[in-house]
Amino acid sequence: MAFDYDSIKNRHFEDVEQTYSVRDSIIYALGLGFGHDPLDESQLPYLFEEADFAAVPTFSVVLAGPGFWAREPDTGIVWQKVLHGEQKIVIHKTLPPAATVIGKTSVSEVLDKGADKGALIYVDREIYDKANGDHLATLTSTTFARGNGGFGGASGPQPQPHVLPEREPDTVCDLPSHASAALLYRLSGDLNPLHIDPSVAKGAGFKAPILHGLCSLGMAGHAVLRTYCDYDATRFKSLKLRFSSPVYPGETIRTEMWKDGNVVSFRARVVERDVVVLNNGCVEID
């Protein structure tokens, strides 16, 4: 089926109900590399149910989503060429360690960047606690559909990225990823074969399966949580960034940070290749 602006823009998504447990919260944390040093007791609240347990602040990004809907034939999306372009998370209330949540998804806009550049699909998702109706988080993502440009739509306006300070970073934090990180992270819900099947990855132009973009996002969020929040989830209020290059499982992510008041600007690079993989990052903290 051909890619069509109206069918994508007005696509209907059923509300998604998801029940997650403390075990699911722990699996998500492990997928981000929490516990890499098993003697680091500061990370126990995200890994050990008998500690003062909390969900990792970025956990909402994998909750109550519509699944890999770009792979559904009626979208006309060339799913093998889909990449995550941008992500924003606004935390309205600290996530419970376990809960049943409702996700409400909609497409806010579709932009045509040209036949040789692809399309941008902007998707919003609101997360609510089913038990009490609390609005937990707002998630805004940009999907870069590299194979679907030139459909005749508008090319803008496009939201502008957060501008990083021009001075040297105030601090850096290196966090290694496991060689099996993508295999573990996919258990949190993103089953795109690009992250596990070597033949799919090569068909998409990569030398091997790549790490989920939201996993690298979570690792950068971990760096900010560690460096400026003292591992206190209640201090972490929002995050936004652009994905600029893929990460391969097993690589080390170095998050470079600048703190100005309650705003932490950041970018992240892979140490082994000296390539910036996350850019224009911003976290609001208390």
# chains A, B, ... in the order shown; residues from 1 in each chain; ligands from 1
>>> residues_around(residues="Pro66 in chain A", least_positions_apart="5", cutoff="12 Å", atoms="only C-alpha atoms", output="PDB file with C-alpha atoms, in the first residue's frame")
ATOM      1  CA  ARG A  11      -4.394   6.868  11.964  1.00  0.00           C
ATOM      2  CA  HIS A  12      -6.471   5.522  14.838  1.00  0.00           C
ATOM      3  CA  PHE A  13      -4.705   3.836  17.736  1.00  0.00           C
ATOM      4  CA  GLU A  14      -6.634   1.901  20.320  1.00  0.00           C
ATOM      5  CA  ASP A  15      -5.830   2.747  23.925  1.00  0.00           C
ATOM      6  CA  VAL A  16      -3.240   0.322  25.248  1.00  0.00           C
ATOM      7  CA  GLU A  17      -3.480  -1.059  28.760  1.00  0.00           C
ATOM      8  CA  GLN A  18      -0.301  -2.483  30.253  1.00  0.00           C
ATOM      9  CA  VAL A  61       9.163   5.527  27.224  1.00  0.00           C
ATOM     10  CA  ARG A  71       5.646  -2.580  10.109  1.00  0.00           C
ATOM     11  CA  GLU A  72       1.903  -2.962   9.479  1.00  0.00           C
ATOM     12  CA  ILE A 102      -3.136   3.358  29.893  1.00  0.00           C
ATOM     13  CA  GLY A 103      -1.380   4.708  26.809  1.00  0.00           C
ATOM     14  CA  LYS A 104      -3.153   7.027  24.349  1.00  0.00           C
ATOM     15  CA  THR A 105      -1.263   7.467  21.061  1.00  0.00           C
ATOM     16  CA  SER A 106      -1.819   9.884  18.164  1.00  0.00           C
ATOM     17  CA  VAL A 107       0.102  11.229  15.161  1.00  0.00           C
ATOM     18  CA  VAL A 123       3.844  10.755  17.439  1.00  0.00           C
ATOM     19  CA  ASP A 124       2.489  11.692  20.893  1.00  0.00           C
ATOM     20  CA  ARG A 125       1.676   9.276  23.699  1.00  0.00           C
ATOM     21  CA  GLU A 126       0.050  10.124  27.024  1.00  0.00           C
ATOM     22  CA  GLY A 189       8.870  -4.210  24.403  1.00  0.00           C
ATOM     23  CA  ASP A 190      10.727  -3.110  21.268  1.00  0.00           C
ATOM     24  CA  LEU A 191      10.842  -6.229  19.093  1.00  0.00           C
TER      25      LEU A 191
END
>>> residues_around(residues="Leu239 in chain A", least_positions_apart="6", cutoff="12 Å", atoms="only C-alpha atoms", output="compact mmCIF listing (two decimals) with C-alpha atoms, in the first residue's frame")
# COMPACT_ATOMS: atom_id res chain seq x y z
CA PRO A 57 12.69 7.79 35.30
CA THR A 58 12.93 7.03 31.58
CA PHE A 59 10.97 3.75 31.96
CA SER A 60 7.78 5.46 30.75
CA VAL A 61 9.16 5.53 27.22
CA GLU A 86 14.06 12.46 18.28
CA GLN A 87 12.47 11.74 21.64
CA LYS A 88 11.02 13.85 24.43
CA ILE A 89 9.79 12.69 27.84
CA VAL A 90 7.90 14.93 30.26
CA ILE A 91 7.34 13.35 33.65
CA ALA A 137 4.05 11.17 31.43
CA THR A 138 3.87 12.71 27.96
CA LEU A 139 6.06 11.12 25.29
CA THR A 140 6.78 12.78 21.95
CA SER A 141 8.79 10.93 19.32
CA HIS A 162 17.99 22.34 22.08
CA LEU A 214 15.74 4.32 23.43
CA LEU A 217 18.65 7.40 25.57
CA GLY A 218 18.13 5.54 28.84
CA ALA A 220 22.31 8.99 28.91
CA GLY A 221 19.42 9.51 31.32
CA HIS A 222 21.22 7.18 33.74
CA VAL A 224 22.36 12.48 34.41
CA LEU A 225 20.51 10.62 37.19
CA VAL A 263 18.80 22.43 33.17
CA VAL A 264 21.39 19.82 32.25
CA SER A 265 22.40 19.98 28.58
CA PHE A 266 24.14 16.93 27.19
CA ARG A 267 25.39 14.97 24.24
CA ASN A 279 22.89 15.26 20.47
CA ASN A 280 21.04 18.41 21.55
CA GLY A 281 20.09 16.74 24.82
CA CYS A 282 18.34 18.51 27.69
CA VAL A 283 17.17 17.24 31.10
CA GLU A 284 15.23 19.34 33.59
CA ILE A 285 15.94 18.46 37.23
>>> closest_residue(among="A:Pro176, A:Pro249, A:Pro169, A:Gly203", to="Val271 in chain A", atoms="only C-alpha atoms")
A:Pro176
>>> residues_around(residues="Phe151 in chain A", least_positions_apart="4", cutoff="12 Å", atoms="only C-alpha atoms", output="PyMOL selection string")
chain A and resi 2-6+8+76-77+110-120+145+147+155
>>> select_by_dssp(residues="range 50-282 of chain A", states="strand (DSSP E)", output="ChimeraX atom specification")
/A:82-91,99-112,119-129,135-145,171-176,236-243,252-260,263-270,275-282
>>> residues_around(residues="Leu187 in chain A", least_positions_apart="6", cutoff="12 Å", atoms="only C-alpha atoms", output="mmCIF file with C-alpha atoms, in the first residue's frame")
data_model
loop_
_atom_site.group_PDB
_atom_site.id
_atom_site.type_symbol
_atom_site.label_atom_id
_atom_site.label_comp_id
_atom_site.auth_asym_id
_atom_site.auth_seq_id
_atom_site.Cartn_x
_atom_site.Cartn_y
_atom_site.Cartn_z
ATOM 1 C CA ARG A 23 10.308 -7.429 37.816
ATOM 2 C CA ASP A 24 9.614 -5.481 34.597
ATOM 3 C CA SER A 25 11.089 -2.344 36.143
ATOM 4 C CA ILE A 26 14.225 -4.300 37.027
ATOM 5 C CA ILE A 27 14.524 -5.826 33.538
ATOM 6 C CA TYR A 28 14.370 -2.334 32.041
ATOM 7 C CA ALA A 29 17.112 -1.116 34.396
ATOM 8 C CA LEU A 30 19.294 -4.123 33.573
ATOM 9 C CA GLY A 31 18.806 -3.439 29.859
ATOM 10 C CA LEU A 32 20.295 0.023 30.381
ATOM 11 C CA VAL A 62 8.535 1.775 26.831
ATOM 12 C CA LEU A 63 5.103 1.681 28.485
ATOM 13 C CA SER A 180 24.050 -8.583 24.745
ATOM 14 C CA ALA A 181 22.403 -5.277 25.695
ATOM 15 C CA HIS A 195 18.188 -5.073 16.941
ATOM 16 C CA ILE A 196 18.589 -8.855 16.913
ATOM 17 C CA HIS A 212 17.841 0.443 20.424
ATOM 18 C CA CYS A 215 18.328 2.166 25.196
#
>>> closest_residue(among="A:Tyr20, A:Tyr122, A:Trp79, A:Tyr46", to="Thr143 in chain A", atoms="only C-alpha atoms")
A:Tyr122
>>> atom_distance(atom1="CA of Thr19 in chain A", atom2="CA of Ala99 in chain A")
5.8 Å
>>> select_by_dssp(residues="range 3-157 of chain A", states="alpha helix (DSSP H)", output="list in words")
Tyr5, Asp6, Ser7, Ile8, Lys9, Val22, Arg23, Asp24, Ser25, Ile26, Ile27, Tyr28, Ala29, Leu30 and Gly31 of chain A
>>> write_last_selection(atoms="N, CA and C atoms", output="mmCIF file, in the first residue's frame")
data_model
loop_
_atom_site.group_PDB
_atom_site.id
_atom_site.type_symbol
_atom_site.label_atom_id
_atom_site.label_comp_id
_atom_site.auth_asym_id
_atom_site.auth_seq_id
_atom_site.Cartn_x
_atom_site.Cartn_y
_atom_site.Cartn_z
ATOM 1 N N TYR A 5 -0.341 10.696 3.324
ATOM 2 C CA TYR A 5 -0.333 11.641 4.449
ATOM 3 C C TYR A 5 -1.569 11.492 5.321
ATOM 4 N N ASP A 6 -2.753 11.536 4.711
ATOM 5 C CA ASP A 6 -3.985 11.526 5.498
ATOM 6 C C ASP A 6 -4.138 10.241 6.297
ATOM 7 N N SER A 7 -3.781 9.110 5.711
ATOM 8 C CA SER A 7 -3.958 7.843 6.423
ATOM 9 C C SER A 7 -3.009 7.731 7.608
ATOM 10 N N ILE A 8 -1.825 8.329 7.480
ATOM 11 C CA ILE A 8 -0.876 8.305 8.609
ATOM 12 C C ILE A 8 -1.274 9.340 9.658
ATOM 13 N N LYS A 9 -1.565 10.567 9.213
ATOM 14 C CA LYS A 9 -1.896 11.656 10.139
ATOM 15 C C LYS A 9 -3.139 11.319 10.965
ATOM 16 N N VAL A 22 7.305 -5.027 39.399
ATOM 17 C CA VAL A 22 8.641 -4.667 39.852
ATOM 18 C C VAL A 22 9.681 -5.406 39.009
ATOM 19 N N ARG A 23 9.390 -6.642 38.656
ATOM 20 C CA ARG A 23 10.308 -7.429 37.816
ATOM 21 C C ARG A 23 10.526 -6.730 36.473
ATOM 22 N N ASP A 24 9.473 -6.195 35.868
ATOM 23 C CA ASP A 24 9.614 -5.481 34.597
ATOM 24 C C ASP A 24 10.464 -4.223 34.761
ATOM 25 N N SER A 25 10.281 -3.534 35.869
ATOM 26 C CA SER A 25 11.089 -2.344 36.143
ATOM 27 C C SER A 25 12.557 -2.711 36.255
ATOM 28 N N ILE A 26 12.838 -3.843 36.878
ATOM 29 C CA ILE A 26 14.225 -4.300 37.027
ATOM 30 C C ILE A 26 14.812 -4.702 35.682
ATOM 31 N N ILE A 27 14.046 -5.415 34.860
ATOM 32 C CA ILE A 27 14.524 -5.826 33.538
ATOM 33 C C ILE A 27 14.887 -4.604 32.699
ATOM 34 N N TYR A 28 14.061 -3.564 32.771
ATOM 35 C CA TYR A 28 14.370 -2.334 32.041
ATOM 36 C C TYR A 28 15.696 -1.754 32.531
ATOM 37 N N ALA A 29 15.867 -1.668 33.846
ATOM 38 C CA ALA A 29 17.112 -1.116 34.396
ATOM 39 C C ALA A 29 18.318 -1.942 33.967
ATOM 40 N N LEU A 30 18.198 -3.252 33.994
ATOM 41 C CA LEU A 30 19.294 -4.123 33.573
ATOM 42 C C LEU A 30 19.616 -3.909 32.095
ATOM 43 N N GLY A 31 18.590 -3.689 31.279
ATOM 44 C CA GLY A 31 18.806 -3.439 29.859
ATOM 45 C C GLY A 31 19.606 -2.182 29.592
#
>>> atom_distance(atom1="CA of Ala55 in chain A", atom2="CA of Val270 in chain A")
25.9 Å
>>> atom_distance(atom1="CA of Ala233 in chain A", atom2="CA of Glu50 in chain A")
16.9 Å
>>> residues_around(residues="Arg269 in chain A", least_positions_apart="2", cutoff="10 Å", atoms="only C-alpha atoms", output="JSON, numbers by chain")
{"A": [174, 220, 244, 245, 247, 251, 252, 253, 254, 255, 256, 267, 271, 272, 273, 274, 275, 276, 277, 278, 279]}
